[in-house]
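For reference, the structure is listed below as structure tokens.
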Amino acid sequence: MEDQRKPEENKTSTTSSLLWFFGISTCVKLLLIPSYHSTDFEVHRNWLAITHSLPLDQWYIDKTSPWTLDYPPFFAYFECILSFFAHLVDPKMVDLEKGLNYKAESVVLFQRLSVIVCDLVLLYGVYRLSKNFSMGFKERVLMWVLVVWSPGLVIVDHMHFQYNGFLLGLLMMSISYLMEGRDLMGGFIFAVLLCFKHLFAVAAPVYFVYLLRHYCWKGFVKGFGRISVLGAVVAAVFAAAYGPFVYHGQMQQVISRMFPFGRGLCHAYWAPNFWVFYIILDKGLAFLLRKLGLNIPVPAASFTGGLVGDSSPFAILPQVTPLTTFIMVLLALFPCLIKIWKNPQPRSAARWIAYAYMCGFLFGWHVHEKASLHFVIPLAIVAGNSLEDARHYFLLSIVSCYSLFPLLYEAQEYPIKVLLLLLHSFLMWHSFSALFTKDATAKAVVSAKKTDRQVGLKGSTSDFVEKGGFHVGWIGRCYLFGLLVVEIWGQFLHPYLLGDKLPFVPLLLISIYCALEIMYSWIWQLRQIMVST
């Protein structure tokens, strides 16, 4: 009788504990309602007005505001549903012309609360991952700390303003179904996610290869049946999203809005990715050649066009086009896709998907710094798998959060973002230390050495494990100290020593320094994928 009650008791305990975590995070988010918000706040308010005031066939045509609708149709439908509630709160909020740049308290409160309520989707995604797998209590708490209490989500969604928690909740749900072996449901939810935000399509090759190999590759008759069912499900989702616009003959207009390739290679604040080094190299070479007396023209365009315009030229290095970045992302993904085809293991789905988003972040076109959440949040699922994963995630999560600091540039938000990062670092350290105690590491030494011998590695895992307990090593400590130096320079020394001169240097240092860790993380993740069995 006790054995029969135990699973139900564990389920109840998981639910109540997770709700407690979510309740604490909700209280913090409510306190941040009056804080700074970016132009994304007006972007989403304008989308409420567009979808409420205009017929569907005008949604992707309207240019009343420069912040035109450029997300896929499911997100437009989502905004349309929200607009009915917004109209009840304040009709001016959804007025297409009178509502421009409208920032009444009712607007702020409504939009902030809409993001908080939509985080219930993230909560459900985390809940599914927590209840369906053989996790101990410490592993569950670790994932809740990393996801539900993510400072990056707080900064981007609940201060800067976006709906990433809602969208990442759909991604977590999809991953949970894949890890359960329910491939059709996992593919269905991912298709839904793509119709909410197309930037998640970077992981589409991973889903395609995995579902083809794991779900459809079952002999000719059974495989044909499954691929037909999967194709029908995906087609139905896209038909529901895009069907009305096909009917109105507007698909070309919708696609041009969703993929404005006229924007620059980088966003206004350079995301810490590969292109930072490419641009710096180009500018450095141009500077040196001018010093040598060569006539090197100065590009008139900016690398950081936020609105649609002409793509930015380079002075020395070959021009980078959207097609170039697309090919580079696919090449970076290729080894992972080969591994998936050879050994499609459901337990590895989270790592593969996170790796795909890391490839998109590093080599993609016009990448936003906020896109680091696309791989940091899924990696939380595997952060407790091993000591190396834990150490790796600890550094990556800190760097990802720190790279978001420039989004909150006003003085009154500075203590908040610093406190969020410090508190998150402490909670991560405490959670990893509780999970990887010295006793636990002692038991792992034998298996770690065996793994190292199997994959032909020297030192690495076993050397790390034998030290006992959780730590980041001297290289990690030096890197974190360098992060502190970068922040002290940008926040205090640069204004004091240089004043208004070279105002771009602090942001440049953040981009370059954070890019070093993220590039290393990408290489490390690829290595983990290739040596896994």
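A note on labels: chains of the structure tokens are A, B, ... as shown, every chain counts residues from 1, and ligands are counted from 1 in their shown order.
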Near-segment 43-52 of chain A list (7 Å; only C-alpha atoms; drop same-chain fewer than 2 positions) as JSON, numbers by chain: {"A": [39, 40, 41, 54, 59, 67, 69, 76, 79, 80, 83, 93, 94, 95, 96]}
Write out as a VMD selection string which residues come within 7 Å of Ile316 of chain A when counting only C-alpha atoms, dropping same-chain ones fewer than 4 positions away. chain A and resid 282 285 to 286
Closest to Lys370 of chain A among A:Leu526, A:Ile155, A:Leu292, A:Val221, using only C-alpha atoms?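 Of A:Leu526, A:Ile155, A:Leu292, A:Val221, the one nearest Lys370 of chain A, counting only C-alpha atoms, is A:Ile155.
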If we count only C-alpha atoms and set the cut-off at 9 Å, which residues sit around Val234 of chain A, ignoring sequence neighbours fewer than 6 positions away in its own chain? Please answer as a list in words.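 Counting only the stated atoms, we get Gly187, Phe188, Ala191 and Val192 of chain A.
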May I have the residues within 10 Å of Phe334 of chain A as a PyMOL selection string, using only C-alpha atoms and disregarding those fewer than 5 positions away in the same chain? chain A and resi 205-206+328-329+339-340+356
